[in-house]
>>> print(open('model_39.cif').read())   # mmCIF, C-alpha atoms, pLDDT in the B column; chains and numbers go by the auth columns
data_coords
loop_
_atom_site.group_PDB
_atom_site.id
_atom_site.type_symbol
_atom_site.label_atom_id
_atom_site.label_comp_id
_atom_site.label_asym_id
_atom_site.label_seq_id
_atom_site.Cartn_x
_atom_site.Cartn_y
_atom_site.Cartn_z
_atom_site.B_iso_or_equiv
_atom_site.auth_seq_id
_atom_site.auth_asym_id
ATOM 1 C CA MET A 1 -2.627 -5.993 20.586 53.00 25 H
ATOM 2 C CA ILE A 2 -2.693 -5.880 16.796 69.00 26 H
ATOM 3 C CA ASN A 3 0.174 -7.182 14.722 80.00 27 H
ATOM 4 C CA MET A 4 0.508 -4.628 11.911 85.00 28 H
ATOM 5 C CA ASP A 5 3.422 -6.565 10.505 87.00 29 H
ATOM 6 C CA TYR A 6 1.100 -9.491 9.758 87.00 30 H
ATOM 7 C CA ILE A 7 -1.310 -7.226 7.877 87.00 31 H
ATOM 8 C CA CYS A 8 1.556 -5.728 5.849 89.00 32 H
ATOM 9 C CA MET A 9 2.840 -9.227 4.990 90.00 33 H
ATOM 10 C CA LYS A 10 -0.620 -10.387 3.939 89.00 34 H
ATOM 11 C CA HIS A 11 -1.111 -7.466 1.574 88.00 35 H
ATOM 12 C CA ALA A 12 2.451 -7.719 0.244 91.00 36 H
ATOM 13 C CA GLN A 13 1.706 -11.296 -0.765 91.00 37 H
ATOM 14 C CA MET A 14 -1.561 -10.200 -2.400 89.00 38 H
ATOM 15 C CA ILE A 15 0.320 -7.629 -4.487 88.00 39 H
ATOM 16 C CA VAL A 16 2.888 -10.146 -5.710 88.00 40 H
ATOM 17 C CA ASN A 17 0.420 -13.007 -6.158 86.00 41 H
ATOM 18 C CA SER A 18 -1.605 -10.848 -8.523 82.00 42 H
ATOM 19 C CA VAL A 19 1.120 -11.595 -11.104 78.00 43 H
ATOM 20 C CA GLU A 20 1.329 -15.037 -12.704 67.00 44 H
ATOM 21 C CA ARG A 21 4.274 -17.054 -11.374 61.00 45 H
ATOM 22 C CA SER A 22 5.214 -18.277 -14.853 57.00 46 H
ATOM 23 C CA ASP A 23 5.349 -14.750 -16.286 64.00 47 H
ATOM 24 C CA ASN A 24 8.875 -13.641 -15.372 70.00 48 H
ATOM 25 C CA LYS A 25 8.596 -10.451 -17.447 78.00 49 H
ATOM 26 C CA ASN A 26 5.563 -9.289 -15.454 82.00 50 H
ATOM 27 C CA ILE A 27 7.275 -10.196 -12.177 83.00 51 H
ATOM 28 C CA LYS A 28 10.302 -8.105 -13.172 84.00 52 H
ATOM 29 C CA ASN A 29 7.994 -5.271 -14.188 86.00 53 H
ATOM 30 C CA LEU A 30 6.227 -5.520 -10.823 88.00 54 H
ATOM 31 C CA GLU A 31 9.580 -5.489 -9.018 90.00 55 H
ATOM 32 C CA ARG A 32 10.621 -2.359 -10.931 90.00 56 H
ATOM 33 C CA ASN A 33 7.321 -0.653 -10.124 91.00 57 H
ATOM 34 C CA LEU A 34 7.608 -1.579 -6.441 93.00 58 H
ATOM 35 C CA ARG A 35 11.107 -0.086 -6.296 93.00 59 H
ATOM 36 C CA LYS A 36 9.926 3.104 -7.952 94.00 60 H
ATOM 37 C CA ALA A 37 6.842 3.374 -5.749 94.00 61 H
ATOM 38 C CA LEU A 38 8.985 2.882 -2.647 95.00 62 H
ATOM 39 C CA GLY A 39 11.396 5.557 -3.850 95.00 63 H
ATOM 40 C CA VAL A 40 8.565 8.010 -4.509 96.00 64 H
ATOM 41 C CA LEU A 41 7.052 7.256 -1.101 96.00 65 H
ATOM 42 C CA LYS A 42 10.358 7.833 0.716 96.00 66 H
ATOM 43 C CA GLU A 43 11.390 10.933 -1.218 96.00 67 H
ATOM 44 C CA ASP A 44 8.103 12.637 -2.042 96.00 68 H
ATOM 45 C CA GLY A 45 5.500 11.220 0.324 96.00 69 H
ATOM 46 C CA VAL A 46 2.227 9.343 0.387 96.00 70 H
ATOM 47 C CA TYR A 47 0.289 11.616 -1.969 96.00 71 H
ATOM 48 C CA ALA A 48 2.982 11.552 -4.659 96.00 72 H
ATOM 49 C CA MET A 49 3.264 7.773 -4.431 95.00 73 H
ATOM 50 C CA PHE A 50 -0.456 7.238 -4.964 95.00 74 H
ATOM 51 C CA LEU A 51 -0.432 9.655 -7.916 94.00 75 H
ATOM 52 C CA TRP A 52 2.455 7.712 -9.433 94.00 76 H
ATOM 53 C CA LEU A 53 0.735 4.361 -8.805 92.00 77 H
ATOM 54 C CA GLU A 54 -2.453 5.627 -10.401 91.00 78 H
ATOM 55 C CA SER A 55 -0.649 6.104 -13.700 89.00 79 H
ATOM 56 C CA LYS A 56 1.860 3.230 -13.544 86.00 80 H
ATOM 57 C CA ALA A 57 0.639 0.391 -11.307 84.00 81 H
ATOM 58 C CA GLU A 58 -3.100 0.491 -10.684 82.00 82 H
ATOM 59 C CA ASN A 59 -3.241 -3.040 -9.256 84.00 83 H
ATOM 60 C CA THR A 60 -0.653 -2.182 -6.593 87.00 84 H
ATOM 61 C CA ARG A 61 -2.580 0.999 -5.782 89.00 85 H
ATOM 62 C CA THR A 62 -5.780 -1.000 -5.331 88.00 86 H
ATOM 63 C CA ASN A 63 -4.044 -3.499 -3.028 87.00 87 H
ATOM 64 C CA LEU A 64 -2.574 -0.710 -0.895 90.00 88 H
ATOM 65 C CA ILE A 65 -5.994 0.886 -0.517 92.00 89 H
ATOM 66 C CA SER A 66 -7.365 -2.483 0.597 89.00 90 H
ATOM 67 C CA LEU A 67 -4.583 -2.538 3.218 87.00 91 H
ATOM 68 C CA LEU A 68 -5.787 0.834 4.505 91.00 92 H
ATOM 69 C CA ASN A 69 -9.388 -0.434 4.567 91.00 93 H
ATOM 70 C CA GLU A 70 -8.398 -3.594 6.468 84.00 94 H
ATOM 71 C CA ASP A 71 -10.611 -4.777 9.290 84.00 95 H
ATOM 72 C CA TYR A 72 -8.510 -7.142 11.376 79.00 96 H
ATOM 73 C CA ASP A 73 -9.994 -8.632 14.537 76.00 97 H
ATOM 74 C CA GLY A 74 -12.102 -5.559 15.131 73.00 98 H
ATOM 75 C CA VAL A 75 -9.223 -3.120 14.589 73.00 99 H
ATOM 76 C CA LYS A 76 -9.966 -0.859 11.664 85.00 100 H
ATOM 77 C CA ILE A 77 -7.006 1.032 10.245 87.00 101 H
ATOM 78 C CA HIS A 78 -9.331 3.204 8.202 91.00 102 H
ATOM 79 C CA GLU A 79 -11.272 4.305 11.270 90.00 103 H
ATOM 80 C CA TYR A 80 -8.079 5.310 13.057 89.00 104 H
ATOM 81 C CA LEU A 81 -6.998 7.335 10.027 92.00 105 H
ATOM 82 C CA LEU A 82 -10.355 8.779 8.899 94.00 106 H
ATOM 83 C CA GLY A 83 -12.810 8.518 11.758 87.00 107 H
ATOM 84 C CA LYS A 84 -15.579 6.199 12.856 86.00 108 H
ATOM 85 C CA ASP A 85 -17.446 4.268 10.137 85.00 109 H
ATOM 86 C CA LYS A 86 -15.331 5.728 7.307 92.00 110 H
ATOM 87 C CA LYS A 87 -13.314 3.855 4.695 93.00 111 H
ATOM 88 C CA PHE A 88 -10.955 5.024 1.984 94.00 112 H
ATOM 89 C CA LYS A 89 -12.710 5.449 -1.330 94.00 113 H
ATOM 90 C CA THR A 90 -11.220 3.529 -4.228 90.00 114 H
ATOM 91 C CA GLU A 91 -11.887 6.059 -6.977 92.00 115 H
ATOM 92 C CA PRO A 92 -9.069 8.626 -7.256 91.00 116 H
ATOM 93 C CA ASP A 93 -10.859 11.886 -6.421 93.00 117 H
ATOM 94 C CA GLY A 94 -12.535 10.450 -3.342 94.00 118 H
ATOM 95 C CA PHE A 95 -9.323 8.785 -2.223 95.00 119 H
ATOM 96 C CA TYR A 96 -7.356 12.033 -2.450 95.00 120 H
ATOM 97 C CA GLU A 97 -10.019 13.806 -0.392 95.00 121 H
ATOM 98 C CA ASP A 98 -9.637 11.060 2.228 95.00 122 H
ATOM 99 C CA LEU A 99 -5.875 11.486 2.082 95.00 123 H
ATOM 100 C CA LYS A 100 -6.275 15.200 2.815 95.00 124 H
ATOM 101 C CA THR A 101 -8.165 14.256 5.966 94.00 125 H
ATOM 102 C CA VAL A 102 -5.298 12.025 7.085 95.00 126 H
ATOM 103 C CA ALA A 103 -2.666 14.653 6.217 95.00 127 H
ATOM 104 C CA LYS A 104 -4.186 17.083 8.734 96.00 128 H
ATOM 105 C CA ASP A 105 -2.715 14.933 11.526 96.00 129 H
ATOM 106 C CA ILE A 106 1.038 14.354 11.136 97.00 130 H
ATOM 107 C CA ASP A 107 1.032 11.316 13.443 96.00 131 H
ATOM 108 C CA LYS A 108 -1.627 9.603 11.353 95.00 132 H
ATOM 109 C CA LEU A 109 0.159 10.509 8.127 96.00 133 H
ATOM 110 C CA LEU A 110 3.462 9.099 9.421 96.00 134 H
ATOM 111 C CA PHE A 111 1.711 5.920 10.597 94.00 135 H
ATOM 112 C CA MET A 112 0.142 5.549 7.155 95.00 136 H
ATOM 113 C CA LYS A 113 3.491 6.108 5.458 96.00 137 H
ATOM 114 C CA LYS A 114 5.151 3.522 7.702 95.00 138 H
ATOM 115 C CA ILE A 115 2.671 0.732 6.974 94.00 139 H
ATOM 116 C CA LEU A 116 2.728 1.508 3.233 95.00 140 H
ATOM 117 C CA GLU A 117 6.518 1.478 3.233 96.00 141 H
ATOM 118 C CA ARG A 118 6.629 -1.825 5.130 95.00 142 H
ATOM 119 C CA THR A 119 4.146 -3.398 2.703 94.00 143 H
ATOM 120 C CA LEU A 120 6.104 -2.230 -0.355 95.00 144 H
ATOM 121 C CA ILE A 121 9.372 -3.548 1.119 96.00 145 H
ATOM 122 C CA TYR A 122 7.804 -6.936 1.813 95.00 146 H
ATOM 123 C CA SER A 123 6.299 -6.976 -1.692 93.00 147 H
ATOM 124 C CA LEU A 124 9.674 -6.199 -3.207 93.00 148 H
ATOM 125 C CA HIS A 125 11.395 -9.043 -1.372 92.00 149 H
ATOM 126 C CA HIS A 126 8.532 -11.422 -2.143 90.00 150 H
ATOM 127 C CA SER A 127 8.729 -10.543 -5.850 88.00 151 H
ATOM 128 C CA LYS A 128 12.450 -11.347 -5.851 84.00 152 H
ATOM 129 C CA VAL A 129 11.706 -14.788 -4.417 85.00 153 H
ATOM 130 C CA LYS A 130 8.956 -15.318 -6.972 78.00 154 H
ATOM 131 C CA ALA A 131 11.328 -14.325 -9.781 75.00 155 H
ATOM 132 C CA GLY A 132 13.840 -16.889 -8.517 74.00 156 H
ATOM 133 C CA GLU A 133 16.554 -14.446 -7.497 62.00 157 H
#
>>> encode(input="model_39.cif", output="structure tokens")
Amino acid sequence: MINMDYICMKHAQMIVNSVERSDNKNIKNLERNLRKALGVLKEDGVYAMFLWLESKAENTRTNLISLLNEDYDGVKIHEYLLGKDKKFKTEPDGFYEDLKTVAKDIDKLLFMKKILERTLIYSLHHSKVKAGE
């Protein structure tokens, strides 16, 4: 059995650790962006969140795509969402085409939304710890 929570935690830490610990302004900016991304995800969905991240928080977007392309002990999230031997493309146009494929199956789209939401929540809490709150 795969522990998706572990994968979400790992990528949440990657998102937060991409900001220097000594740079409190960047940590606060990251925290603000994580809150906004989470709000967009919850209110407007996966597609809207990635569009927002593309313009406001590219590093977070890249880390979330790496979460979707995770290969953990032989379990490939990307293959469940896209099909055998397929990964999410990192460039925007290709990624949005991949997202359309996922959106055709509501169960897959809701699974994707859930793991993205969990990762953003963990990132938000981790950034608060890093900021010393």
>>> atom_distance(input="model_39.cif", atom1="CA of Gly63 in chain H", atom2="CA of His35 in chain H")
18.9 Å
>>> axis_aligned_box(input="model_39.cif", around="range 28-42 of chain H", padding_each_side="4 Å", output="lines of an AutoDock Vina configuration file")
center_x = 0.9
center_y = -8.8
center_z = 1.7
size_x = 13.0
size_y = 16.4
size_z = 28.4
>>> atom_distance(input="model_39.cif", atom1="CA of Val43 in chain H", atom2="CA of Val153 in chain H")
12.9 Å
>>> resolve_selection(input="model_39.cif", expression="the PyMOL selection byres ((chain H and resi 133-143) around 8)", output="PyMOL selection string")
chain H and resi 28-29+32-33+35-36+62+65-66+69-70+88+105+126-132+144-147
>>> residues_around(input="model_39.cif", residues="Lys80 in chain H", least_positions_apart="5", cutoff="10 Å", atoms="all atoms listed in the file", output="list of chain:residue names")
H:Asn57, H:Lys60, H:Ala61, H:Phe74, H:Leu75, H:Arg85
>>> closest_residue(input="model_39.cif", among="H:Lys111, H:Ile31, H:Thr84, H:Glu103", to="Glu55 in chain H", atoms="all atoms listed in the file")
H:Thr84
>>> resolve_selection(input="model_39.cif", expression="the PyMOL selection byres ((chain H and resi 41) around 10)", output="number ranges by chain")
H: 35-40, 42-45, 51, 147, 150-151, 154
>>> residues_around(input="model_39.cif", residues="Leu92 in chain H", least_positions_apart="5", cutoff="8 Å", atoms="only C-alpha atoms", output="ChimeraX atom specification")
/H:101-102,112
>>> residues_near_point(input="model_39.cif", point="(-13.4, 8.2, 6.1)", cutoff="10 Å", atoms="all atoms listed in the file", output="list in words")
Asn93, His102, Glu103, Tyr104, Leu105, Leu106, Gly107, Lys108, Asp109, Lys110, Lys111, Phe112, Lys113, Gly118, Phe119, Glu121, Asp122, Leu123, Thr125 and Val126 of chain H
